[in-house]
$ cat start.cif   # mmCIF, C-alpha atoms
data_protein
#
loop_
_atom_site.group_PDB
_atom_site.id
_atom_site.type_symbol
_atom_site.label_atom_id
_atom_site.label_comp_id
_atom_site.auth_asym_id
_atom_site.auth_seq_id
_atom_site.Cartn_x
_atom_site.Cartn_y
_atom_site.Cartn_z
ATOM 1 C CA MET A 1 -21.635 -8.048 -22.466
ATOM 2 C CA SER A 2 -17.853 -8.432 -22.824
ATOM 3 C CA SER A 3 -15.965 -11.458 -21.498
ATOM 4 C CA THR A 4 -14.070 -9.118 -19.138
ATOM 5 C CA THR A 5 -17.308 -7.819 -17.623
ATOM 6 C CA ARG A 6 -18.616 -11.375 -17.206
ATOM 7 C CA SER A 7 -15.393 -12.453 -15.488
ATOM 8 C CA LEU A 8 -15.554 -9.443 -13.157
ATOM 9 C CA ARG A 9 -19.111 -10.292 -12.189
ATOM 10 C CA LYS A 10 -18.290 -13.946 -11.716
ATOM 11 C CA SER A 11 -15.339 -13.225 -9.430
ATOM 12 C CA THR A 12 -17.126 -10.585 -7.303
ATOM 13 C CA SER A 13 -19.085 -11.666 -4.241
ATOM 14 C CA THR A 14 -22.339 -9.651 -4.108
ATOM 15 C CA LYS A 15 -24.438 -11.351 -1.419
ATOM 16 C CA GLU A 16 -24.008 -9.910 2.073
ATOM 17 C CA PRO A 17 -23.534 -12.622 4.676
ATOM 18 C CA LYS A 18 -25.207 -12.662 8.078
ATOM 19 C CA ASP A 19 -23.265 -11.190 10.970
ATOM 20 C CA ASP A 20 -23.161 -14.025 13.527
ATOM 21 C CA SER A 21 -19.492 -14.485 14.426
ATOM 22 C CA VAL A 22 -17.320 -13.087 17.180
ATOM 23 C CA ALA A 23 -13.560 -12.504 16.989
ATOM 24 C CA THR A 24 -11.890 -14.362 19.844
ATOM 25 C CA PRO A 25 -8.405 -13.150 20.868
ATOM 26 C CA SER A 26 -5.856 -15.964 21.143
ATOM 27 C CA PRO A 27 -2.195 -16.191 22.178
ATOM 28 C CA ILE A 28 0.184 -16.175 19.194
ATOM 29 C CA ASP A 29 1.566 -19.572 18.235
ATOM 30 C CA PRO A 30 4.227 -19.093 15.515
ATOM 31 C CA ASN A 31 3.686 -22.652 14.292
ATOM 32 C CA THR A 32 -0.040 -22.282 13.629
ATOM 33 C CA THR A 33 -0.630 -18.546 13.143
ATOM 34 C CA VAL A 34 -1.219 -17.290 9.603
ATOM 35 C CA TYR A 35 -0.744 -13.692 8.481
ATOM 36 C CA VAL A 36 -2.689 -11.565 6.001
ATOM 37 C CA VAL A 37 -1.403 -8.190 4.798
ATOM 38 C CA VAL A 38 -3.955 -5.442 4.168
ATOM 39 C CA MET A 39 -2.865 -2.828 1.627
ATOM 40 C CA GLY A 40 -4.501 0.036 -0.269
ATOM 41 C CA SER A 41 -4.727 3.791 -0.612
ATOM 42 C CA THR A 42 -4.956 6.118 2.363
ATOM 43 C CA GLY A 43 -8.606 6.399 3.389
ATOM 44 C CA SER A 44 -9.641 3.053 1.899
ATOM 45 C CA GLY A 45 -10.680 1.623 5.261
ATOM 46 C CA LYS A 46 -7.772 -0.753 5.930
ATOM 47 C CA THR A 47 -7.546 -0.046 9.659
ATOM 48 C CA THR A 48 -11.320 -0.053 10.124
ATOM 49 C CA PHE A 49 -11.531 -3.434 8.365
ATOM 50 C CA ILE A 50 -8.812 -4.876 10.615
ATOM 51 C CA ASN A 51 -10.381 -3.548 13.814
ATOM 52 C CA LEU A 52 -13.773 -4.921 12.836
ATOM 53 C CA ALA A 53 -12.421 -8.334 11.822
ATOM 54 C CA SER A 54 -10.149 -8.831 14.812
ATOM 55 C CA GLY A 55 -11.591 -6.786 17.658
ATOM 56 C CA SER A 56 -8.393 -4.709 17.739
ATOM 57 C CA GLU A 57 -8.251 -0.983 18.469
ATOM 58 C CA LEU A 58 -5.637 0.243 16.005
ATOM 59 C CA ARG A 59 -5.522 3.985 15.343
ATOM 60 C CA VAL A 60 -7.882 5.081 12.569
ATOM 61 C CA GLY A 61 -7.320 8.170 10.417
ATOM 62 C CA SER A 62 -9.967 10.713 9.433
ATOM 63 C CA GLY A 63 -11.059 10.897 5.800
ATOM 64 C CA LEU A 64 -8.004 10.997 3.568
ATOM 65 C CA GLU A 65 -5.699 11.880 6.477
ATOM 66 C CA SER A 66 -3.452 8.946 7.336
ATOM 67 C CA CYS A 67 -2.969 7.667 10.859
ATOM 68 C CA THR A 68 -0.786 4.695 9.894
ATOM 69 C CA ASN A 69 2.897 5.644 9.697
ATOM 70 C CA GLU A 70 4.230 2.145 10.330
ATOM 71 C CA VAL A 71 3.044 -1.427 9.971
ATOM 72 C CA GLN A 72 0.519 -2.219 12.716
ATOM 73 C CA THR A 73 -0.560 -5.734 13.722
ATOM 74 C CA SER A 74 -3.949 -6.866 14.959
ATOM 75 C CA ILE A 75 -4.500 -9.003 18.001
ATOM 76 C CA PRO A 76 -4.624 -12.704 17.019
ATOM 77 C CA PHE A 77 -8.109 -14.126 16.419
ATOM 78 C CA LYS A 78 -9.764 -17.204 14.963
ATOM 79 C CA VAL A 79 -11.159 -17.544 11.433
ATOM 80 C CA GLY A 80 -11.931 -20.826 9.692
ATOM 81 C CA GLY A 81 -10.247 -22.788 12.451
ATOM 82 C CA LYS A 82 -6.980 -20.857 12.014
ATOM 83 C CA GLN A 83 -5.334 -18.282 14.216
ATOM 84 C CA VAL A 84 -4.973 -15.096 12.172
ATOM 85 C CA VAL A 85 -3.001 -11.852 12.512
ATOM 86 C CA LEU A 86 -3.691 -8.951 10.130
ATOM 87 C CA LEU A 87 -1.029 -6.416 9.112
ATOM 88 C CA ASP A 88 -2.081 -2.807 8.552
ATOM 89 C CA THR A 89 0.170 -0.915 6.122
ATOM 90 C CA PRO A 90 0.486 2.756 5.109
ATOM 91 C CA GLY A 91 -0.650 3.634 1.585
ATOM 92 C CA PHE A 92 1.648 4.911 -1.160
ATOM 93 C CA ASP A 93 -0.291 8.191 -1.231
ATOM 94 C CA ASP A 94 0.189 8.710 2.501
ATOM 95 C CA THR A 95 -0.411 12.249 3.768
ATOM 96 C CA SER A 96 2.462 12.207 6.269
ATOM 97 C CA MET A 97 5.183 10.265 4.415
ATOM 98 C CA THR A 98 6.717 10.073 0.972
ATOM 99 C CA ASP A 99 6.269 6.989 -1.209
ATOM 100 C CA THR A 100 9.954 6.217 -0.603
ATOM 101 C CA ASP A 101 9.280 6.125 3.153
ATOM 102 C CA VAL A 102 6.333 3.790 2.632
ATOM 103 C CA LEU A 103 8.368 1.415 0.438
ATOM 104 C CA ARG A 104 11.147 1.326 3.054
ATOM 105 C CA ILE A 105 8.745 0.604 5.942
ATOM 106 C CA ILE A 106 6.653 -2.066 4.194
ATOM 107 C CA SER A 107 9.674 -3.812 2.643
ATOM 108 C CA ALA A 108 11.597 -3.997 5.917
ATOM 109 C CA TYR A 109 8.631 -5.417 7.814
ATOM 110 C CA LEU A 110 7.859 -8.039 5.160
ATOM 111 C CA VAL A 111 11.490 -9.145 5.041
ATOM 112 C CA ALA A 112 11.683 -9.370 8.840
ATOM 113 C CA MET A 113 8.504 -11.498 8.782
ATOM 114 C CA ASN A 114 10.020 -13.775 6.163
ATOM 115 C CA LYS A 115 13.220 -14.226 8.196
ATOM 116 C CA GLN A 116 11.119 -15.099 11.206
ATOM 117 C CA GLY A 117 9.333 -17.821 9.258
ATOM 118 C CA ALA A 118 5.925 -16.133 9.550
ATOM 119 C CA ARG A 119 3.346 -17.831 7.337
ATOM 120 C CA LEU A 120 1.896 -15.214 5.004
ATOM 121 C CA VAL A 121 -1.160 -16.691 3.289
ATOM 122 C CA GLY A 122 -2.662 -13.721 1.507
ATOM 123 C CA VAL A 123 -2.997 -10.036 0.746
ATOM 124 C CA ILE A 124 -6.158 -7.933 0.733
ATOM 125 C CA TYR A 125 -6.142 -4.803 -1.417
ATOM 126 C CA MET A 126 -8.733 -2.192 -0.444
ATOM 127 C CA GLN A 127 -10.048 0.557 -2.706
ATOM 128 C CA ARG A 128 -11.427 3.884 -1.525
ATOM 129 C CA ILE A 129 -15.175 4.015 -1.997
ATOM 130 C CA SER A 130 -14.721 7.454 -3.608
ATOM 131 C CA ASP A 131 -12.492 5.955 -6.328
ATOM 132 C CA LEU A 132 -15.276 4.703 -8.585
ATOM 133 C CA LYS A 133 -12.757 4.855 -11.417
ATOM 134 C CA ILE A 134 -9.089 4.074 -10.877
ATOM 135 C CA GLY A 135 -6.954 7.089 -11.664
ATOM 136 C CA GLY A 136 -4.263 9.413 -10.332
ATOM 137 C CA SER A 137 -2.885 8.455 -6.931
ATOM 138 C CA ALA A 138 -5.105 5.353 -6.686
ATOM 139 C CA ARG A 139 -3.624 3.973 -9.894
ATOM 140 C CA ARG A 140 -0.073 4.678 -8.694
ATOM 141 C CA ASP A 141 -0.837 2.913 -5.419
ATOM 142 C CA LEU A 142 -2.213 -0.128 -7.252
ATOM 143 C CA ARG A 143 0.853 -0.315 -9.521
ATOM 144 C CA MET A 144 3.120 -0.323 -6.478
ATOM 145 C CA PHE A 145 0.963 -3.019 -4.895
ATOM 146 C CA GLN A 146 1.328 -5.194 -7.995
ATOM 147 C CA GLU A 147 5.112 -4.815 -8.039
ATOM 148 C CA LEU A 148 5.410 -5.591 -4.332
ATOM 149 C CA CYS A 149 3.351 -8.776 -4.670
ATOM 150 C CA GLY A 150 4.446 -10.072 -8.065
ATOM 151 C CA GLU A 151 2.164 -11.968 -10.449
ATOM 152 C CA GLU A 152 3.011 -15.295 -8.842
ATOM 153 C CA ALA A 153 1.212 -14.175 -5.650
ATOM 154 C CA TYR A 154 -2.033 -13.000 -7.302
ATOM 155 C CA GLU A 155 -3.788 -16.281 -6.513
ATOM 156 C CA ASN A 156 -3.512 -15.272 -2.846
ATOM 157 C CA VAL A 157 -4.869 -11.759 -3.452
ATOM 158 C CA ILE A 158 -8.389 -10.506 -2.774
ATOM 159 C CA VAL A 159 -9.403 -7.061 -4.010
ATOM 160 C CA GLU A 160 -12.104 -5.477 -1.854
ATOM 161 C CA LEU A 161 -13.850 -2.792 -3.859
ATOM 162 C CA ALA A 162 -17.095 -1.215 -4.955
ATOM 163 C CA SER A 163 -16.312 -0.802 -8.661
ATOM 164 C CA LYS A 164 -15.241 -3.298 -11.330
ATOM 165 C CA ASP A 165 -12.435 -1.329 -12.952
ATOM 166 C CA ILE A 166 -10.675 -3.005 -15.888
ATOM 167 C CA PHE A 167 -7.361 -2.094 -14.248
ATOM 168 C CA TYR A 168 -7.748 -5.129 -11.937
ATOM 169 C CA LYS A 169 -7.915 -7.563 -14.858
ATOM 170 C CA PRO A 170 -4.256 -8.776 -14.526
ATOM 171 C CA ILE A 171 -4.935 -9.832 -10.921
ATOM 172 C CA LEU A 172 -8.195 -11.606 -11.799
ATOM 173 C CA GLU A 173 -6.656 -13.436 -14.737
ATOM 174 C CA ARG A 174 -4.190 -15.069 -12.335
ATOM 175 C CA LYS A 175 -6.924 -16.329 -10.003
ATOM 176 C CA GLY A 176 -7.114 -13.275 -7.775
ATOM 177 C CA ARG A 177 -10.618 -12.524 -6.511
ATOM 178 C CA MET A 178 -12.896 -9.556 -5.964
ATOM 179 C CA MET A 179 -15.116 -9.503 -2.896
ATOM 180 C CA ARG A 180 -17.227 -6.887 -1.168
ATOM 181 C CA HIS A 181 -16.981 -5.908 2.477
ATOM 182 C CA TYR A 182 -20.270 -4.785 4.033
ATOM 183 C CA ASN A 183 -18.771 -3.229 7.171
ATOM 184 C CA THR A 184 -19.736 -6.216 9.317
ATOM 185 C CA GLN A 185 -17.469 -8.629 11.112
ATOM 186 C CA LYS A 186 -19.106 -11.562 9.348
ATOM 187 C CA SER A 187 -18.383 -10.188 5.869
ATOM 188 C CA ALA A 188 -14.788 -9.427 6.905
ATOM 189 C CA HIS A 189 -14.422 -13.024 8.077
ATOM 190 C CA CYS A 190 -15.937 -14.324 4.823
ATOM 191 C CA ILE A 191 -13.157 -12.540 2.920
ATOM 192 C CA LEU A 192 -10.525 -13.958 5.257
ATOM 193 C CA GLU A 193 -11.978 -17.475 4.984
ATOM 194 C CA GLU A 194 -10.972 -17.420 1.308
ATOM 195 C CA LEU A 195 -7.334 -16.828 2.263
ATOM 196 C CA VAL A 196 -6.552 -18.656 5.508
ATOM 197 C CA PRO A 197 -6.637 -22.195 4.008
ATOM 198 C CA LYS A 198 -4.156 -21.267 1.266
ATOM 199 C CA GLU A 199 -0.535 -22.351 1.210
ATOM 200 C CA PRO A 200 1.917 -19.692 2.487
ATOM 201 C CA ILE A 201 3.428 -17.409 -0.143
ATOM 202 C CA VAL A 202 6.533 -15.271 -0.521
ATOM 203 C CA LEU A 203 5.887 -11.901 -2.140
ATOM 204 C CA ARG A 204 8.179 -10.631 -4.882
ATOM 205 C CA ILE A 205 9.699 -7.917 -2.673
ATOM 206 C CA GLN A 206 10.440 -10.512 0.047
ATOM 207 C CA ARG A 207 12.075 -12.878 -2.423
ATOM 208 C CA GLU A 208 14.153 -10.172 -4.115
ATOM 209 C CA LEU A 209 15.536 -8.777 -0.865
ATOM 210 C CA ALA A 210 16.116 -12.247 0.618
ATOM 211 C CA GLU A 211 18.206 -13.070 -2.473
ATOM 212 C CA GLY A 212 20.422 -10.077 -1.795
ATOM 213 C CA VAL A 213 18.989 -7.713 -4.402
ATOM 214 C CA ASP A 214 19.567 -4.081 -3.406
ATOM 215 C CA ILE A 215 16.255 -2.391 -2.647
ATOM 216 C CA THR A 216 16.982 0.176 -5.375
ATOM 217 C CA GLN A 217 17.074 -2.684 -7.904
ATOM 218 C CA THR A 218 13.759 -4.259 -6.898
ATOM 219 C CA ALA A 219 10.707 -4.190 -9.171
ATOM 220 C CA ALA A 220 8.850 -2.040 -6.642
ATOM 221 C CA PHE A 221 11.568 0.618 -6.514
ATOM 222 C CA LYS A 222 11.899 0.655 -10.300
ATOM 223 C CA GLN A 223 8.186 1.425 -10.502
ATOM 224 C CA LEU A 224 8.564 4.101 -7.829
ATOM 225 C CA ASP A 225 11.581 5.540 -9.655
ATOM 226 C CA ARG A 226 9.476 5.916 -12.809
ATOM 227 C CA GLU A 227 6.881 7.786 -10.761
ATOM 228 C CA LEU A 228 9.566 9.997 -9.201
ATOM 229 C CA SER A 229 11.054 10.762 -12.618
ATOM 230 C CA GLU A 230 7.631 11.830 -13.892
ATOM 231 C CA MET A 231 7.181 13.958 -10.776
ATOM 232 C CA ALA A 232 10.606 15.561 -11.253
ATOM 233 C CA ALA A 233 9.780 16.417 -14.869
ATOM 234 C CA LYS A 234 6.508 17.996 -13.740
ATOM 235 C CA HIS A 235 8.263 19.969 -10.996
ATOM 236 C CA GLN A 236 10.841 21.193 -13.498
ATOM 237 C CA LYS A 237 8.081 22.329 -15.827
ATOM 238 C CA ASP A 238 6.329 24.080 -12.933
ATOM 239 C CA LEU A 239 9.578 25.851 -12.011
ATOM 240 C CA GLU A 240 10.041 27.180 -15.528
ATOM 241 C CA LYS A 241 6.478 28.468 -15.536
ATOM 242 C CA LEU A 242 6.941 30.127 -12.152
ATOM 243 C CA LYS A 243 10.128 31.823 -13.323
ATOM 244 C CA ASP A 244 8.255 33.293 -16.284
ATOM 245 C CA GLU A 245 5.437 34.473 -14.018
ATOM 246 C CA MET A 246 7.930 35.994 -11.572
ATOM 247 C CA PHE A 247 9.627 37.882 -14.386
ATOM 248 C CA GLN A 248 6.255 39.205 -15.530
ATOM 249 C CA ALA A 249 5.349 40.298 -11.982
ATOM 250 C CA GLU A 250 8.738 41.992 -11.662
ATOM 251 C CA GLN A 251 8.128 43.921 -14.870
ATOM 252 C CA GLU A 252 4.741 45.028 -13.550
ATOM 253 C CA MET A 253 6.203 45.989 -10.145
ATOM 254 C CA ASP A 254 3.714 43.655 -8.454
ATOM 255 C CA GLU A 255 5.495 42.957 -5.171
ATOM 256 C CA GLU A 256 2.678 40.905 -3.619
ATOM 257 C CA THR A 257 2.533 38.533 -6.579
ATOM 258 C CA GLN A 258 6.343 38.325 -6.634
ATOM 259 C CA LYS A 259 6.325 37.253 -2.983
ATOM 260 C CA GLU A 260 3.622 34.615 -3.526
ATOM 261 C CA LEU A 261 5.403 33.214 -6.571
ATOM 262 C CA ALA A 262 8.748 33.138 -4.758
ATOM 263 C CA GLU A 263 7.178 31.122 -1.914
ATOM 264 C CA GLU A 264 5.563 28.720 -4.381
ATOM 265 C CA LYS A 265 8.843 28.348 -6.264
ATOM 266 C CA GLN A 266 10.687 27.540 -3.023
ATOM 267 C CA LYS A 267 8.086 24.892 -2.135
ATOM 268 C CA VAL A 268 8.419 23.196 -5.532
ATOM 269 C CA GLU A 269 12.220 23.224 -5.255
ATOM 270 C CA ASP A 270 12.046 21.793 -1.709
ATOM 271 C CA ASP A 271 9.683 18.993 -2.797
ATOM 272 C CA LEU A 272 11.945 18.091 -5.692
ATOM 273 C CA GLN A 273 15.065 18.076 -3.517
ATOM 274 C CA LYS A 274 13.335 16.006 -0.829
ATOM 275 C CA ALA A 275 12.263 13.328 -3.324
ATOM 276 C CA GLN A 276 15.758 13.137 -4.846
ATOM 277 C CA THR A 277 17.484 12.964 -1.442
ATOM 278 C CA GLN A 278 15.211 10.249 -0.074
ATOM 279 C CA ALA A 279 15.613 8.112 -3.197
ATOM 280 C CA SER A 280 19.409 8.345 -2.941
ATOM 281 C CA ARG A 281 19.342 7.385 0.762
ATOM 282 C CA LEU A 282 16.819 4.561 0.404
ATOM 283 C CA ALA A 283 19.337 1.684 0.547
ATOM 284 C CA SER A 284 20.960 2.813 3.818
ATOM 285 C CA ASP A 285 17.642 3.887 5.352
ATOM 286 C CA TYR A 286 16.123 0.493 4.484
ATOM 287 C CA GLN A 287 18.919 -1.380 6.264
ATOM 288 C CA ALA A 288 18.462 0.795 9.352
ATOM 289 C CA GLU A 289 14.696 0.201 9.283
ATOM 290 C CA LEU A 290 15.201 -3.562 8.900
ATOM 291 C CA ARG A 291 17.507 -3.657 11.932
ATOM 292 C CA ARG A 292 14.985 -1.644 13.964
ATOM 293 C CA ILE A 293 12.105 -3.980 13.099
ATOM 294 C CA GLU A 294 14.173 -7.125 13.668
ATOM 295 C CA GLU A 295 15.067 -5.873 17.143
ATOM 296 C CA LYS A 296 11.433 -4.989 17.800
ATOM 297 C CA LEU A 297 10.205 -8.417 16.672
ATOM 298 C CA HIS A 298 13.185 -10.268 18.194
ATOM 299 C CA VAL A 299 13.755 -11.888 14.804
ATOM 300 C CA ARG A 300 15.815 -15.043 14.644
ATOM 301 C CA GLU A 301 16.353 -16.233 11.096
ATOM 302 C CA VAL A 302 14.916 -19.696 10.399
#
$ encode --input "start.cif" --output "structure tokens"
Amino acid sequence: MSSTTRSLRKSTSTKEPKDDSVATPSPIDPNTTVYVVVMGSTGSGKTTFINLASGSELRVGSGLESCTNEVQTSIPFKVGGKQVVLLDTPGFDDTSMTDTDVLRIISAYLVAMNKQGARLVGVIYMQRISDLKIGGSARRDLRMFQELCGEEAYENVIVELASKDIFYKPILERKGRMMRHYNTQKSAHCILEELVPKEPIVLRIQRELAEGVDITQTAAFKQLDRELSEMAAKHQKDLEKLKDEMFQAEQEMDEETQKELAEEKQKVEDDLQKAQTQASRLASDYQAELRRIEEKLHVREV
């Protein structure tokens, strides 16, 4: 058995606790309330976890269809003697928004929280049960999560998952933990009990933006930009292939195929243009989103 496998086993909670606790709603006290952000891919169970832990009734999506298009907050409840509020975030593979939208929304909310002096004590990252191996969109989502948090925050991170993928090793090596959620309120509270006593943290994206770094120069956007560049290269390759296929269909006088290929070509071009436009507008859109959230939360900088 490798040392990595041993460390994964050691840092993963496997025993299901008894379900004997009840979430009790409490009024929010900004001086004593602690916040935990819940992140992860679309369909990983973030909203269900939050509703179960807190007794909230946030909207839940179906399957891989997202129902979270903004940051949602749970009702306050007690865990480990602390008043807790959970934040539900959209995933970076959201079905209704681009990754640029998701970065804008999450970043603005986290910065507004920081200005308000909210005490963020931890982050829970949830993995889809279907993602037994990390790959594709799940891996992109995890990379974005890592850049948003920064290595210095890993000690306040818990990964909730069913598999022990080696891709989580950087988080575990910096005292992050793996724990299982058994779809009971008690097991959700056991996860939270590991975070609520911790000292408040500032995530990398919060620190960068608070220091005046433009959002397009943050570590998270740079990671997203790499993903967008790879996507643009793929779209360009797809366009070239479609052009060749359209020429062939034209030579064969196949009007039906020409029509189908033309529609597919237009869709690829639209997707590429949309990604490029949103990336170029991110800075101004982020500022507008931040102002909207600050007004909504009645933020007064502390």
$ closest_residue --input "start.cif" --among "A:Glu173, A:Glu70, A:Asp88, A:Asp244" --to "Ser56 of chain A" --atoms "only C-alpha atoms"
A:Asp88
$ closest_atom_pairs --input "start.cif" --of "segment 192-302 of chain A" --to "segment 120-129 of chain A" --cutoff "9 Å" --atoms "all atoms listed in the file" --output "JSON lines"
{"residue": "A:Leu192", "atom": "CA", "partner": "A:Ile124", "partner_atom": "CA", "distance": 8.7}
{"residue": "A:Leu195", "atom": "CA", "partner": "A:Gly122", "partner_atom": "CA", "distance": 5.7}
{"residue": "A:Val196", "atom": "CA", "partner": "A:Val121", "partner_atom": "CA", "distance": 6.2}
{"residue": "A:Pro197", "atom": "CA", "partner": "A:Val121", "partner_atom": "CA", "distance": 7.8}
{"residue": "A:Lys198", "atom": "CA", "partner": "A:Val121", "partner_atom": "CA", "distance": 5.8}
{"residue": "A:Glu199", "atom": "CA", "partner": "A:Val121", "partner_atom": "CA", "distance": 6.1}
{"residue": "A:Pro200", "atom": "CA", "partner": "A:Val121", "partner_atom": "CA", "distance": 4.4}
{"residue": "A:Ile201", "atom": "CA", "partner": "A:Val121", "partner_atom": "CA", "distance": 5.8}
{"residue": "A:Val202", "atom": "CA", "partner": "A:Leu120", "partner_atom": "CA", "distance": 7.2}
{"residue": "A:Leu203", "atom": "CA", "partner": "A:Leu120", "partner_atom": "CA", "distance": 8.8}
$ closest_residue --input "start.cif" --among "A:Ile106, A:Ile191, A:Ala249, A:Ile205" --to "Glu152 of chain A" --atoms "only C-alpha atoms"
A:Ile205
$ closest_residue --input "start.cif" --among "A:Tyr286, A:Phe221, A:Tyr109, A:Phe92" --to "Met39 of chain A" --atoms "all atoms listed in the file"
A:Phe92
$ resolve_selection --input "start.cif" --expression "the PyMOL selection byres ((chain A and resi 238) around 12)" --output "ChimeraX atom specification"
/A:231-237,239-245,261,264-269,271-272
$ write_last_selection --input "start.cif" --atoms "C-alpha atoms" --output "PDB file, keeping the file's coordinate frame"
ATOM      1  CA  MET A 231       7.181  13.958 -10.776  1.00  0.00           C
ATOM      2  CA  ALA A 232      10.606  15.561 -11.253  1.00  0.00           C
ATOM      3  CA  ALA A 233       9.780  16.417 -14.869  1.00  0.00           C
ATOM      4  CA  LYS A 234       6.508  17.996 -13.740  1.00  0.00           C
ATOM      5  CA  HIS A 235       8.263  19.969 -10.996  1.00  0.00           C
ATOM      6  CA  GLN A 236      10.841  21.193 -13.498  1.00  0.00           C
ATOM      7  CA  LYS A 237       8.081  22.329 -15.827  1.00  0.00           C
ATOM      8  CA  LEU A 239       9.578  25.851 -12.011  1.00  0.00           C
ATOM      9  CA  GLU A 240      10.041  27.180 -15.528  1.00  0.00           C
ATOM     10  CA  LYS A 241       6.478  28.468 -15.536  1.00  0.00           C
ATOM     11  CA  LEU A 242       6.941  30.127 -12.152  1.00  0.00           C
ATOM     12  CA  LYS A 243      10.128  31.823 -13.323  1.00  0.00           C
ATOM     13  CA  ASP A 244       8.255  33.293 -16.284  1.00  0.00           C
ATOM     14  CA  GLU A 245       5.437  34.473 -14.018  1.00  0.00           C
ATOM     15  CA  LEU A 261       5.403  33.214  -6.571  1.00  0.00           C
ATOM     16  CA  GLU A 264       5.563  28.720  -4.381  1.00  0.00           C
ATOM     17  CA  LYS A 265       8.843  28.348  -6.264  1.00  0.00           C
ATOM     18  CA  GLN A 266      10.687  27.540  -3.023  1.00  0.00           C
ATOM     19  CA  LYS A 267       8.086  24.892  -2.135  1.00  0.00           C
ATOM     20  CA  VAL A 268       8.419  23.196  -5.532  1.00  0.00           C
ATOM     21  CA  GLU A 269      12.220  23.224  -5.255  1.00  0.00           C
ATOM     22  CA  ASP A 271       9.683  18.993  -2.797  1.00  0.00           C
ATOM     23  CA  LEU A 272      11.945  18.091  -5.692  1.00  0.00           C
TER      24      LEU A 272
END
$ atom_distance --input "start.cif" --atom1 "atom CA of Met178 of chain A" --atom2 "atom CA of Glu160 of chain A"
5.8 Å
$ atom_distance --input "start.cif" --atom1 "atom CA of Asn183 of chain A" --atom2 "atom CA of Asp99 of chain A"
28.3 Å
$ closest_atom_pairs --input "start.cif" --of "segment 171-218 of chain A" --to "segment 41-46 of chain A" --cutoff "12 Å" --atoms "only C-alpha atoms" --output "JSON lines"
{"residue": "A:His181", "atom": "CA", "partner": "A:Gly45", "partner_atom": "CA", "distance": 10.2}
{"residue": "A:Tyr182", "atom": "CA", "partner": "A:Gly45", "partner_atom": "CA", "distance": 11.6}
{"residue": "A:Asn183", "atom": "CA", "partner": "A:Gly45", "partner_atom": "CA", "distance": 9.6}
{"residue": "A:Ala188", "atom": "CA", "partner": "A:Lys46", "partner_atom": "CA", "distance": 11.2}
$ closest_residue --input "start.cif" --among "A:His189, A:Ile166, A:Glu57, A:Gly40" --to "Gly81 of chain A" --atoms "all atoms listed in the file"
A:His189
$ resolve_selection --input "start.cif" --expression "the PyMOL selection byres ((chain A and resi 283) around 12)" --output "VMD selection string"
chain A and resid 100 to 101 103 to 105 107 to 108 209 213 to 218 221 277 to 282 284 to 290
$ closest_residue --input "start.cif" --among "A:Leu52, A:Ala153, A:Val34, A:Ile75" --to "Thr184 of chain A" --atoms "all atoms listed in the file"
A:Leu52
$ atom_distance --input "start.cif" --atom1 "atom CA of Arg292 of chain A" --atom2 "atom CA of Gln146 of chain A"
26.1 Å
$ residues_near_point --input "start.cif" --point "(3.6, -5.6, -8.3)" --cutoff "10 Å" --atoms "all atoms listed in the file" --output "compact mmCIF listing (two decimals) with C-alpha atoms, in the frame of the given file"
# COMPACT_ATOMS: atom_id res chain seq x y z
CA LEU A 142 -2.21 -0.13 -7.25
CA ARG A 143 0.85 -0.32 -9.52
CA MET A 144 3.12 -0.32 -6.48
CA PHE A 145 0.96 -3.02 -4.89
CA GLN A 146 1.33 -5.19 -8.00
CA GLU A 147 5.11 -4.82 -8.04
CA LEU A 148 5.41 -5.59 -4.33
CA CYS A 149 3.35 -8.78 -4.67
CA GLY A 150 4.45 -10.07 -8.06
CA GLU A 151 2.16 -11.97 -10.45
CA GLU A 152 3.01 -15.30 -8.84
CA ALA A 153 1.21 -14.18 -5.65
CA TYR A 154 -2.03 -13.00 -7.30
CA ILE A 171 -4.93 -9.83 -10.92
CA LEU A 203 5.89 -11.90 -2.14
CA ARG A 204 8.18 -10.63 -4.88
CA ILE A 205 9.70 -7.92 -2.67
CA ALA A 219 10.71 -4.19 -9.17
CA ALA A 220 8.85 -2.04 -6.64
CA GLN A 223 8.19 1.42 -10.50
$ closest_residue --input "start.cif" --among "A:Gly91, A:Gly176, A:Gly117, A:Gly55" --to "Arg140 of chain A" --atoms "all atoms listed in the file"
A:Gly91
$ resolve_selection --input "start.cif" --expression "the PyMOL selection byres ((chain A and resi 79) around 12)" --output "PyMOL selection string"
chain A and resi 21-26+33-36+53-54+76-78+80-86+185-197
